[in-house]
>>> print(open('target-v3.cif').read())   # mmCIF, C-alpha atoms
data_final
loop_
_atom_site.label_atom_id
_atom_site.label_comp_id
_atom_site.auth_asym_id
_atom_site.auth_seq_id
_atom_site.Cartn_x
_atom_site.Cartn_y
_atom_site.Cartn_z
CA MET X 1 45.46 112.41 96.93
CA PRO X 2 49.02 113.68 97.27
CA SER X 3 51.39 113.03 94.40
CA PRO X 4 53.54 109.91 94.73
CA ASP X 5 56.57 112.17 95.20
CA GLU X 6 55.22 113.82 98.29
CA PRO X 7 57.33 112.71 101.24
CA VAL X 8 55.59 110.54 103.81
CA VAL X 9 56.94 110.54 107.35
CA MET X 10 57.35 106.99 108.68
CA VAL X 11 56.21 106.62 112.27
CA GLY X 12 57.75 103.47 113.79
CA ILE X 13 56.62 101.47 116.82
CA GLY X 14 56.42 103.72 119.88
CA GLU X 15 57.07 106.88 117.87
CA PHE X 16 54.89 109.86 116.98
CA HIS X 17 54.90 112.71 114.51
CA ALA X 18 52.98 115.97 114.44
CA GLY X 19 52.70 118.26 111.45
CA ARG X 20 51.16 118.92 108.06
CA THR X 21 52.83 116.34 105.81
CA PRO X 22 51.35 112.87 105.24
CA MET X 23 52.53 110.31 107.79
CA SER X 24 52.38 106.53 107.85
CA SER X 25 52.72 103.50 110.10
CA ILE X 26 53.17 100.19 108.36
CA GLY X 27 52.06 96.74 109.46
CA LEU X 28 49.94 97.54 112.51
CA GLY X 29 49.04 94.26 114.19
CA SER X 30 48.00 94.57 117.81
CA CYS X 31 49.45 98.11 117.76
CA ILE X 32 47.22 101.15 117.34
CA GLY X 33 47.71 103.98 114.91
CA LEU X 34 46.11 106.92 116.72
CA VAL X 35 45.51 110.16 114.85
CA ILE X 36 44.51 113.30 116.71
CA PHE X 37 43.79 116.18 114.36
CA ASP X 38 42.58 119.76 114.38
CA ARG X 39 39.19 120.00 112.71
CA ASP X 40 39.81 123.66 111.85
CA ARG X 41 43.36 123.39 110.48
CA ASP X 42 45.44 121.13 108.23
CA LEU X 43 47.39 119.84 111.17
CA GLY X 44 47.47 116.71 113.25
CA ALA X 45 49.55 113.98 114.85
CA LEU X 46 50.00 110.23 114.57
CA ALA X 47 51.18 107.92 117.38
CA HIS X 48 52.14 104.25 116.88
CA ILE X 49 51.00 102.82 120.21
CA MET X 50 52.28 99.39 121.24
CA LEU X 51 50.97 98.76 124.77
CA PRO X 52 48.06 99.90 126.95
CA ASP X 53 49.93 100.82 130.11
CA SER X 54 53.24 102.66 130.63
CA GLN X 55 53.50 101.48 134.25
CA ARG X 56 54.87 104.94 134.99
CA ARG X 57 57.70 104.77 132.50
CA SER X 58 58.32 108.25 131.16
CA GLU X 59 60.49 107.59 128.10
CA ARG X 60 58.75 106.94 124.77
CA PRO X 61 55.35 108.44 125.67
CA ALA X 62 53.89 107.47 122.27
CA LYS X 63 54.53 103.77 122.96
CA TYR X 64 51.76 103.50 125.59
CA ALA X 65 48.07 104.35 125.35
CA ASP X 66 47.92 105.97 128.78
CA THR X 67 50.69 108.45 127.95
CA ALA X 68 50.29 108.85 124.18
CA VAL X 69 46.89 110.56 124.15
CA GLU X 70 47.86 113.29 126.58
CA TYR X 71 51.24 113.69 124.89
CA LEU X 72 49.73 114.21 121.42
CA ILE X 73 47.26 116.76 122.77
CA LYS X 74 50.08 118.72 124.43
CA GLU X 75 52.15 118.59 121.27
CA LEU X 76 49.22 119.90 119.18
CA ASN X 77 48.51 122.60 121.76
CA ARG X 78 52.14 123.64 121.47
CA GLN X 79 51.67 123.98 117.72
CA GLY X 80 48.72 126.26 118.30
CA CYS X 81 45.71 123.90 118.25
CA LYS X 82 42.83 124.44 120.64
CA THR X 83 41.92 121.27 122.55
CA SER X 84 38.24 121.95 121.83
CA SER X 85 38.81 121.64 118.08
CA LEU X 86 40.64 118.31 118.28
CA ALA X 87 39.16 114.97 117.20
CA ALA X 88 40.56 111.46 117.00
CA LYS X 89 40.58 108.44 114.68
CA MET X 90 42.24 105.10 115.23
CA SER X 91 43.11 101.89 113.47
CA GLY X 92 44.76 98.60 114.43
CA GLY X 93 44.33 96.58 117.62
CA ALA X 94 44.10 93.27 115.78
CA SER X 95 44.50 89.83 117.30
CA MET X 96 47.01 88.14 115.00
CA PHE X 97 47.49 84.80 116.77
CA GLN X 98 45.10 82.20 118.06
CA SER X 99 47.64 79.82 119.58
CA PHE X 100 50.71 80.70 121.67
CA SER X 101 50.89 81.50 125.32
CA GLY X 102 51.18 85.12 126.31
CA ASN X 103 49.13 88.21 126.20
CA LEU X 104 46.72 87.25 123.43
CA ASN X 105 44.17 90.00 123.81
CA ILE X 106 46.74 92.80 123.75
CA GLY X 107 45.07 94.37 120.69
CA GLU X 108 41.72 94.56 122.45
CA ARG X 109 43.33 96.04 125.56
CA ASN X 110 45.07 98.66 123.44
CA ILE X 111 41.74 99.68 121.86
CA GLU X 112 40.04 99.94 125.26
CA ALA X 113 42.92 101.92 126.75
CA VAL X 114 42.92 104.45 123.89
CA ARG X 115 39.12 104.87 124.08
CA PHE X 116 39.35 105.39 127.83
CA GLN X 117 42.06 108.05 127.53
CA LEU X 118 40.23 109.90 124.73
CA LYS X 119 37.11 110.00 126.86
CA ARG X 120 39.06 111.19 129.88
CA MET X 121 40.57 114.02 127.82
CA SER X 122 37.19 114.77 126.14
CA ILE X 123 38.48 114.19 122.61
CA PRO X 124 35.69 112.82 120.35
CA LEU X 125 36.55 109.59 118.54
CA VAL X 126 35.01 110.29 115.14
CA ALA X 127 36.07 107.16 113.20
CA GLU X 128 37.83 103.87 113.72
CA ASP X 129 38.77 100.65 111.98
CA VAL X 130 39.93 98.26 114.66
CA GLY X 131 40.06 94.63 115.76
CA GLY X 132 39.78 91.52 113.64
CA SER X 133 42.81 89.45 112.80
CA ILE X 134 44.40 91.46 110.02
CA GLY X 135 47.45 93.68 109.70
CA ARG X 136 46.98 97.25 108.52
CA THR X 137 49.20 99.90 106.96
CA ILE X 138 47.87 103.40 107.43
CA VAL X 139 48.61 106.77 105.86
CA TYR X 140 47.24 109.93 107.46
CA TYR X 141 46.76 113.06 105.33
CA PRO X 142 46.60 116.22 107.48
CA ALA X 143 45.71 118.36 104.46
CA GLU X 144 42.52 116.36 103.92
CA ASN X 145 40.83 116.96 107.24
CA GLY X 146 41.85 113.88 109.17
CA LYS X 147 41.65 111.45 106.26
CA ILE X 148 43.30 108.07 106.87
CA SER X 149 43.73 105.43 104.20
CA ILE X 150 44.03 101.88 105.52
CA LYS X 151 45.55 99.12 103.43
CA THR X 152 45.44 95.42 104.27
CA ALA X 153 47.86 92.72 103.10
CA ASN X 154 45.52 91.48 100.37
CA GLY X 155 45.42 94.98 98.88
CA THR X 156 42.02 96.28 99.91
CA ILE X 157 41.97 99.96 100.81
CA LYS X 158 39.54 101.65 103.14
CA ILE X 159 39.25 105.34 103.91
CA ILE X 160 38.12 106.64 107.29
CA MET N 1 73.95 95.17 123.48
CA LEU N 2 76.27 92.76 121.62
CA ASN N 3 80.05 92.95 121.38
CA SER N 4 81.80 91.73 118.26
CA GLN N 5 82.80 88.40 119.79
CA GLN N 6 79.22 87.67 120.82
CA ARG N 7 78.06 88.69 117.39
CA ASP N 8 80.52 86.29 115.75
CA ALA N 9 79.52 83.45 118.05
CA LEU N 10 75.83 84.00 117.38
CA MET N 11 76.53 84.24 113.67
CA GLU N 12 78.29 80.88 113.74
CA LEU N 13 75.49 79.30 115.73
CA GLY N 14 72.89 80.64 113.33
CA ASN N 15 74.95 79.62 110.35
CA ILE N 16 74.96 76.01 111.47
CA GLY N 17 71.24 76.03 112.22
CA ALA N 18 70.33 77.69 108.94
CA ALA N 19 72.54 75.32 106.96
CA HIS N 20 70.62 72.35 108.36
CA ALA N 21 67.31 74.03 107.58
CA ALA N 22 68.54 74.72 104.04
CA THR N 23 69.49 71.07 103.59
CA THR N 24 65.98 69.91 104.46
CA LEU N 25 64.46 72.43 102.06
CA SER N 26 66.88 71.31 99.38
CA THR N 27 65.86 67.68 99.90
CA MET N 28 62.15 68.52 99.71
CA LEU N 29 62.58 70.58 96.55
CA MET N 30 65.22 68.32 95.04
CA SER N 31 67.14 71.44 94.04
CA ASN N 32 70.03 73.57 95.24
CA ILE N 33 69.32 76.07 97.98
CA GLU N 34 71.59 79.08 98.29
CA MET N 35 72.13 80.52 101.73
CA GLU N 36 73.20 84.11 102.32
CA VAL N 37 75.54 85.10 105.14
CA PRO N 38 73.36 85.50 108.23
CA ASP N 39 72.62 88.97 109.41
CA ILE N 40 72.47 89.81 113.11
CA SER N 41 71.02 93.17 113.96
CA VAL N 42 70.28 94.89 117.22
CA VAL N 43 67.19 96.82 116.22
CA ASP N 44 65.33 99.56 118.02
CA ILE N 45 61.60 98.76 118.01
CA SER N 46 60.92 102.02 116.17
CA LYS N 47 63.10 100.80 113.26
CA ILE N 48 61.69 97.29 112.83
CA HIS N 49 59.86 98.50 109.73
CA GLU N 50 63.27 98.89 108.08
CA HIS N 51 63.84 95.13 108.48
CA VAL N 52 60.40 93.65 107.84
CA GLY N 53 57.76 95.08 105.57
CA ASP N 54 54.05 94.88 104.90
CA GLU N 55 53.97 92.85 101.69
CA LEU N 56 51.59 89.87 101.68
CA SER N 57 53.52 86.88 103.04
CA ALA N 58 53.15 83.59 104.80
CA LEU N 59 54.70 83.36 108.25
CA VAL N 60 55.09 80.06 110.06
CA ILE N 61 55.87 80.88 113.65
CA PHE N 62 57.19 78.68 116.44
CA GLN N 63 57.80 79.38 120.07
CA ILE N 64 61.04 77.87 121.35
CA THR N 65 60.59 75.48 124.25
CA GLY N 66 62.91 73.08 126.03
CA GLU N 67 65.99 73.47 128.19
CA VAL N 68 66.54 77.14 127.73
CA SER N 69 65.30 79.94 129.93
CA GLY N 70 63.31 82.90 128.68
CA GLY N 71 61.38 82.82 125.48
CA GLY N 72 61.99 83.16 121.83
CA TYR N 73 60.51 82.63 118.42
CA VAL N 74 61.60 81.22 115.12
CA LEU N 75 59.80 82.59 112.10
CA LEU N 76 59.86 81.27 108.59
CA HIS N 77 58.89 84.12 106.28
CA ILE N 78 58.01 83.48 102.63
CA PRO N 79 56.52 86.18 100.39
CA LYS N 80 53.24 85.25 98.68
CA ASN N 81 54.63 84.62 95.18
CA SER N 82 57.36 82.38 96.57
CA VAL N 83 54.76 80.41 98.52
CA VAL N 84 52.88 79.72 95.29
CA ARG N 85 56.06 78.58 93.55
CA LEU N 86 57.10 76.48 96.54
CA THR N 87 53.78 74.60 96.77
CA ASN N 88 53.72 74.25 93.00
CA ALA N 89 57.23 72.77 92.97
CA ILE N 90 56.41 70.28 95.69
CA LEU N 91 52.99 69.25 94.42
CA GLY N 92 53.88 69.40 90.73
CA MET N 93 51.50 72.21 89.83
CA THR N 94 52.07 75.07 87.41
CA GLU N 95 49.40 77.75 87.94
CA LEU N 96 51.26 80.89 89.16
CA ASP N 97 48.53 83.49 89.17
CA ARG N 98 46.43 82.23 92.04
CA ASP N 99 45.47 83.04 95.62
CA LEU N 100 46.86 81.08 98.54
CA THR N 101 44.67 78.18 99.60
CA GLU N 102 44.46 75.65 102.42
CA MET N 103 46.71 73.47 100.34
CA ASP N 104 49.47 76.07 100.52
CA GLU N 105 48.92 76.45 104.22
CA SER N 106 49.20 72.77 105.00
CA ALA N 107 52.25 72.42 102.77
CA LEU N 108 53.85 75.37 104.53
CA LEU N 109 53.11 74.03 108.00
CA GLU N 110 54.78 70.79 107.02
CA ILE N 111 57.79 72.48 105.41
CA GLY N 112 58.07 74.93 108.30
CA ASN N 113 58.01 72.11 110.84
CA ILE N 114 60.76 70.23 109.09
CA MET N 115 62.98 73.27 108.51
CA VAL N 116 62.58 74.79 111.94
CA SER N 117 63.07 71.45 113.71
CA ALA N 118 66.32 71.06 111.79
CA PHE N 119 67.36 74.61 112.67
CA LEU N 120 66.68 74.15 116.39
CA ASP N 121 68.14 70.63 116.50
CA ALA N 122 71.41 71.79 115.04
CA THR N 123 71.77 74.84 117.27
CA ALA N 124 70.74 72.89 120.38
CA THR N 125 73.21 70.09 119.62
CA LEU N 126 76.00 72.62 119.41
CA LEU N 127 74.96 74.04 122.79
CA SER N 128 74.40 70.53 124.23
CA ILE N 129 70.85 71.30 125.28
CA ILE N 130 67.38 70.46 124.01
CA MET N 131 65.39 73.06 122.13
CA LEU N 132 62.03 72.17 120.66
CA PRO N 133 59.59 74.09 118.51
CA SER N 134 56.03 74.57 119.76
CA PRO N 135 53.23 73.59 117.38
CA PRO N 136 53.37 76.21 114.65
CA SER N 137 51.05 79.12 114.14
CA MET N 138 50.55 80.36 110.62
CA ILE N 139 49.47 83.71 109.38
CA ILE N 140 49.10 85.00 105.85
CA ASP N 141 49.47 88.72 106.34
CA MET N 142 52.01 91.52 106.84
CA PRO N 143 55.33 90.43 108.39
CA HIS N 144 55.61 93.67 110.36
CA ALA N 145 52.19 93.07 111.93
CA ALA N 146 53.31 89.60 113.08
CA PHE N 147 56.63 90.84 114.52
CA GLN N 148 54.98 93.74 116.22
CA THR N 149 52.32 91.56 117.83
CA ILE N 150 54.89 89.06 119.08
CA LEU N 151 56.87 91.86 120.68
CA ALA N 152 53.75 93.29 122.33
CA MET N 153 52.45 89.91 123.51
CA GLN N 154 55.54 88.71 125.27
CA GLU N 155 58.21 89.53 127.74
CA PHE N 156 59.68 91.79 125.11
CA SER N 157 57.37 94.58 126.19
CA GLU N 158 59.69 96.30 128.65
CA ILE N 159 62.59 96.65 126.29
CA ASP N 160 63.12 98.91 123.32
CA GLN N 161 65.72 96.92 121.44
CA VAL N 162 65.55 93.42 119.99
CA VAL N 163 68.10 91.12 118.47
CA ILE N 164 66.99 89.89 115.07
CA PHE N 165 68.84 87.07 113.43
CA ARG N 166 68.00 86.61 109.76
CA THR N 167 69.19 84.20 107.09
CA GLU N 168 68.01 84.33 103.54
CA LEU N 169 67.49 81.00 101.78
CA HIS N 170 66.61 80.93 98.15
CA SER N 171 66.29 78.61 95.22
CA ASP N 172 67.30 80.16 91.92
CA GLN N 173 65.87 77.25 89.99
CA HIS N 174 62.37 77.71 91.41
CA LYS N 175 62.68 81.47 92.16
CA ILE N 176 61.74 80.85 95.77
CA TYR N 177 62.88 83.30 98.39
CA SER N 178 62.57 82.86 102.14
CA ASN N 179 63.86 84.25 105.41
CA LEU N 180 64.46 82.43 108.66
CA PHE N 181 64.26 84.73 111.68
CA LEU N 182 65.29 83.98 115.24
CA LEU N 183 63.87 86.37 117.79
CA PRO N 184 65.12 85.62 121.31
CA ASN N 185 64.02 87.67 124.31
CA LYS N 186 66.65 89.02 126.68
CA PRO N 187 66.85 86.06 129.13
CA MET N 188 67.12 83.57 126.28
CA LEU N 189 69.71 85.66 124.47
CA ASP N 190 71.79 85.99 127.65
CA GLU N 191 71.67 82.26 128.27
CA ILE N 192 72.62 81.37 124.70
CA LEU N 193 75.50 83.87 124.85
CA SER N 194 76.85 82.43 128.09
CA MET N 195 76.64 78.89 126.70
CA LEU N 196 78.55 80.03 123.62
CA GLU N 197 81.16 81.69 125.81
CA ASN N 198 81.68 78.45 127.73
CA LEU N 199 82.04 76.57 124.47
CA MET N 200 84.83 78.82 123.33
CA LYS N 201 86.86 78.53 126.55
#
>>> encode(input="target-v3.cif", output="structure tokens")
Amino acid sequence: MPSPDEPVVMVGIGEFHAGRTPMSSIGLGSCIGLVIFDRDRDLGALAHIMLPDSQRRSERPAKYADTAVEYLIKELNRQGCKTSSLAAKMSGGASMFQSFSGNLNIGERNIEAVRFQLKRMSIPLVAEDVGGSIGRTIVYYPAENGKISIKTANGTIKII
Amino acid sequence: MLNSQQRDALMELGNIGAAHAATTLSTMLMSNIEMEVPDISVVDISKIHEHVGDELSALVIFQITGEVSGGGYVLLHIPKNSVVRLTNAILGMTELDRDLTEMDESALLEIGNIMVSAFLDATATLLSIIMLPSPPSMIIDMPHAAFQTILAMQEFSEIDQVVIFRTELHSDQHKIYSNLFLLPNKPMLDEILSMLENLMK
């Protein structure tokens, strides 16, 4: 584990970060925290995806599943990663509300959209913790080979 | 997104609503409730985590219905320890080190209903329209996860900035802390702003 003093990069809704320092997204509900990492190096990227479909919008590529996957791969390629050594993990995609009108299964659609894009780009999805009706705060540690710690509101911690 | 006049008008509107909500809470608790100056922020979605966190909390959430276009939500946010103290104060219990139970949830639904109805009544009266809360939805989880899901679920999805109106209500006697959030989408915000503008003419 990194020391408590080690800086953690906060990745907000629709944002991404690529690099070697730990990075975190807090309070994922229906959003997805997608990590794509290099299995041979201490390097990877985290995107905080909010919606499945960009509907051809080009700004904020990390906000949408259909643009985020390709964008992260390009970013990692730019930093010297080979696509063939990349793998993915994801967390989130919960369904927080039972009542209310609106797009209730948005979490499920986000999960499906990310899986579809990973398959299309031939990136293996090696671990996931998705669905249910709970919020999740995740921290990704590039130095520990794709390790993600996932905390829920009641304090339980899971490592994938 | 908001000029200073619009901000002031919204602040005043929220002030009146929150004051009514605070009065109902004060009556239920039979104690003073302090109300902080409301805070109106135009927040980029990527920065919402700077306004709401991931600490275990109860959220009672209402959709706004009635004579106003667009959509919006009112959220009553109470951190876990304050929920315990709130239920304890109302039901005359003392145990502080406990998990939240169905009893807390039903007390909160009731309290939320009363407070949010008062909030919406007061703001709607000022605007001379009718605004009603939907039946509430309650979650005991991370506030950020609730906000984020609301934004993703609704007509908020095409925009990258939201207006968050927040008032802090607290009881020093019972050490209870709560936040009342109003989260209007763009059509609702525009309509409320134009009503306020007409009022000030």
>>> closest_atom_pairs(input="target-v3.cif", of="chain N", to="chain X", cutoff="8 Å", atoms="all atoms listed in the file", output="Markdown table")
| residue | atom | partner | partner_atom | distance |
| --- | --- | --- | --- | --- |
| N:Ile45 | CA | X:Ile13 | CA | 5.8 |
| N:Ser46 | CA | X:Gly12 | CA | 4.2 |
| N:Lys47 | CA | X:Gly12 | CA | 6.0 |
| N:Ile48 | CA | X:Gly12 | CA | 7.4 |
| N:His49 | CA | X:Gly12 | CA | 6.8 |
| N:Gly53 | CA | X:Gly27 | CA | 7.1 |
| N:Asp54 | CA | X:Gly27 | CA | 5.3 |
| N:Glu55 | CA | X:Ala153 | CA | 6.3 |
| N:Leu56 | CA | X:Ala153 | CA | 4.9 |
| N:Gln63 | CA | X:Phe100 | CA | 7.4 |
| N:Ser137 | CA | X:Ser99 | CA | 6.5 |
| N:Ile139 | CA | X:Met96 | CA | 7.6 |
| N:Asp141 | CA | X:Ala153 | CA | 5.4 |
| N:Met142 | CA | X:Ala153 | CA | 5.7 |
| N:Pro143 | CA | X:Gly27 | CA | 7.2 |
| N:His144 | CA | X:Gly27 | CA | 4.8 |
| N:Ala145 | CA | X:Gly29 | CA | 4.1 |
| N:Ala146 | CA | X:Gly29 | CA | 6.4 |
| N:Gln148 | CA | X:Gly29 | CA | 6.3 |
| N:Thr149 | CA | X:Ser30 | CA | 5.3 |
| N:Ala152 | CA | X:Met50 | CA | 6.4 |
| N:Met153 | CA | X:Asn103 | CA | 4.6 |
| N:Gln154 | CA | X:Gly102 | CA | 5.7 |
| N:Ser157 | CA | X:Leu51 | CA | 7.8 |
>>> resolve_selection(input="target-v3.cif", expression="the PyMOL selection byres ((chain N and resi 97-106) around 9)", output="ChimeraX atom specification")
/N:58,80-81,83-84,86-88,95-96,107-111,138-140
>>> resolve_selection(input="target-v3.cif", expression="the PyMOL selection byres ((chain N and resi 40-44) around 8)", output="PyMOL selection string")
chain N and resi 1-2+7+10-11+38-39+45-48+160-166
>>> atom_distance(input="target-v3.cif", atom1="CA of Leu46 in chain X", atom2="CA of Leu34 in chain X")
5.5 Å
>>> resolve_selection(input="target-v3.cif", expression="the PyMOL selection byres ((chain X and resi 143) around 7)", output="list in words")
Arg20, Asp42, Tyr141, Pro142, Glu144 and Asn145 of chain X
>>> write_last_selection(input="target-v3.cif", atoms="C-alpha atoms", output="PDB file, keeping the file's coordinate frame")
ATOM      1  CA  ARG X  20      51.160 118.920 108.060  1.00  0.00           C
ATOM      2  CA  ASP X  42      45.440 121.130 108.230  1.00  0.00           C
ATOM      3  CA  TYR X 141      46.760 113.060 105.330  1.00  0.00           C
ATOM      4  CA  PRO X 142      46.600 116.220 107.480  1.00  0.00           C
ATOM      5  CA  GLU X 144      42.520 116.360 103.920  1.00  0.00           C
ATOM      6  CA  ASN X 145      40.830 116.960 107.240  1.00  0.00           C
TER       7      ASN X 145
END
>>> residues_near_point(input="target-v3.cif", point="(43.1, 112.3, 126.6)", cutoff="6 Å", atoms="all atoms listed in the file", output="list in words")
Val69, Glu70, Gln117, Leu118, Arg120 and Met121 of chain X
>>> atom_distance(input="target-v3.cif", atom1="CA of Ala47 in chain X", atom2="CA of Val126 in chain X")
16.5 Å
>>> residues_near_point(input="target-v3.cif", point="(63.6, 83.8, 106.3)", cutoff="6 Å", atoms="all atoms listed in the file", output="ChimeraX atom specification")
/N:76-77,167-168,178-181
>>> atom_distance(input="target-v3.cif", atom1="CA of Val35 in chain X", atom2="CA of Lys89 in chain X")
5.2 Å
>>> axis_aligned_box(input="target-v3.cif", around="range 132-142 of chain X", padding_each_side="8 Å", output="JSON")
{"center_x": 44.5, "center_y": 102.8, "center_z": 109.5, "size_x": 25.4, "size_y": 42.8, "size_z": 24.3}
>>> residues_around(input="target-v3.cif", residues="Lys119 in chain X", least_positions_apart="4", cutoff="12 Å", atoms="all atoms listed in the file", output="VMD selection string")
chain X and resid 66 69 to 70 87 to 88 112 to 115 123 to 126
>>> write_last_selection(input="target-v3.cif", atoms="C-alpha atoms", output="PDB file, keeping the file's coordinate frame")
ATOM      1  CA  ASP X  66      47.920 105.970 128.780  1.00  0.00           C
ATOM      2  CA  VAL X  69      46.890 110.560 124.150  1.00  0.00           C
ATOM      3  CA  GLU X  70      47.860 113.290 126.580  1.00  0.00           C
ATOM      4  CA  ALA X  87      39.160 114.970 117.200  1.00  0.00           C
ATOM      5  CA  ALA X  88      40.560 111.460 117.000  1.00  0.00           C
ATOM      6  CA  GLU X 112      40.040  99.940 125.260  1.00  0.00           C
ATOM      7  CA  ALA X 113      42.920 101.920 126.750  1.00  0.00           C
ATOM      8  CA  VAL X 114      42.920 104.450 123.890  1.00  0.00           C
ATOM      9  CA  ARG X 115      39.120 104.870 124.080  1.00  0.00           C
ATOM     10  CA  ILE X 123      38.480 114.190 122.610  1.00  0.00           C
ATOM     11  CA  PRO X 124      35.690 112.820 120.350  1.00  0.00           C
ATOM     12  CA  LEU X 125      36.550 109.590 118.540  1.00  0.00           C
ATOM     13  CA  VAL X 126      35.010 110.290 115.140  1.00  0.00           C
TER      14      VAL X 126
END
>>> closest_residue(input="target-v3.cif", among="N:Ile130, N:Ile176, N:Ile159, N:Met195", to="Ile64 in chain N", atoms="all atoms listed in the file")
N:Ile130
>>> residues_around(input="target-v3.cif", residues="Leu43 in chain X", least_positions_apart="2", cutoff="9 Å", atoms="only C-alpha atoms", output="list in words")
Ala18, Gly19, Arg20, Thr21, Phe37, Asp38, Arg39, Asp40, Arg41, Ala45, Leu76, Gln79, Cys81, Tyr141, Pro142, Ala143, Asn145 and Gly146 of chain X
>>> closest_residue(input="target-v3.cif", among="X:Ser149, X:Asn110, X:Thr156, X:Ser122", to="Ala68 in chain X", atoms="all atoms listed in the file")
X:Asn110
>>> residues_around(input="target-v3.cif", residues="Glu34 in chain N", least_positions_apart="5", cutoff="7 Å", atoms="only C-alpha atoms", output="list in words")
Leu169, His170 and Ser171 of chain N
>>> write_last_selection(input="target-v3.cif", atoms="C-alpha atoms", output="PDB file, keeping the file's coordinate frame")
ATOM      1  CA  LEU N 169      67.490  81.000 101.780  1.00  0.00           C
ATOM      2  CA  HIS N 170      66.610  80.930  98.150  1.00  0.00           C
ATOM      3  CA  SER N 171      66.290  78.610  95.220  1.00  0.00           C
TER       4      SER N 171
END
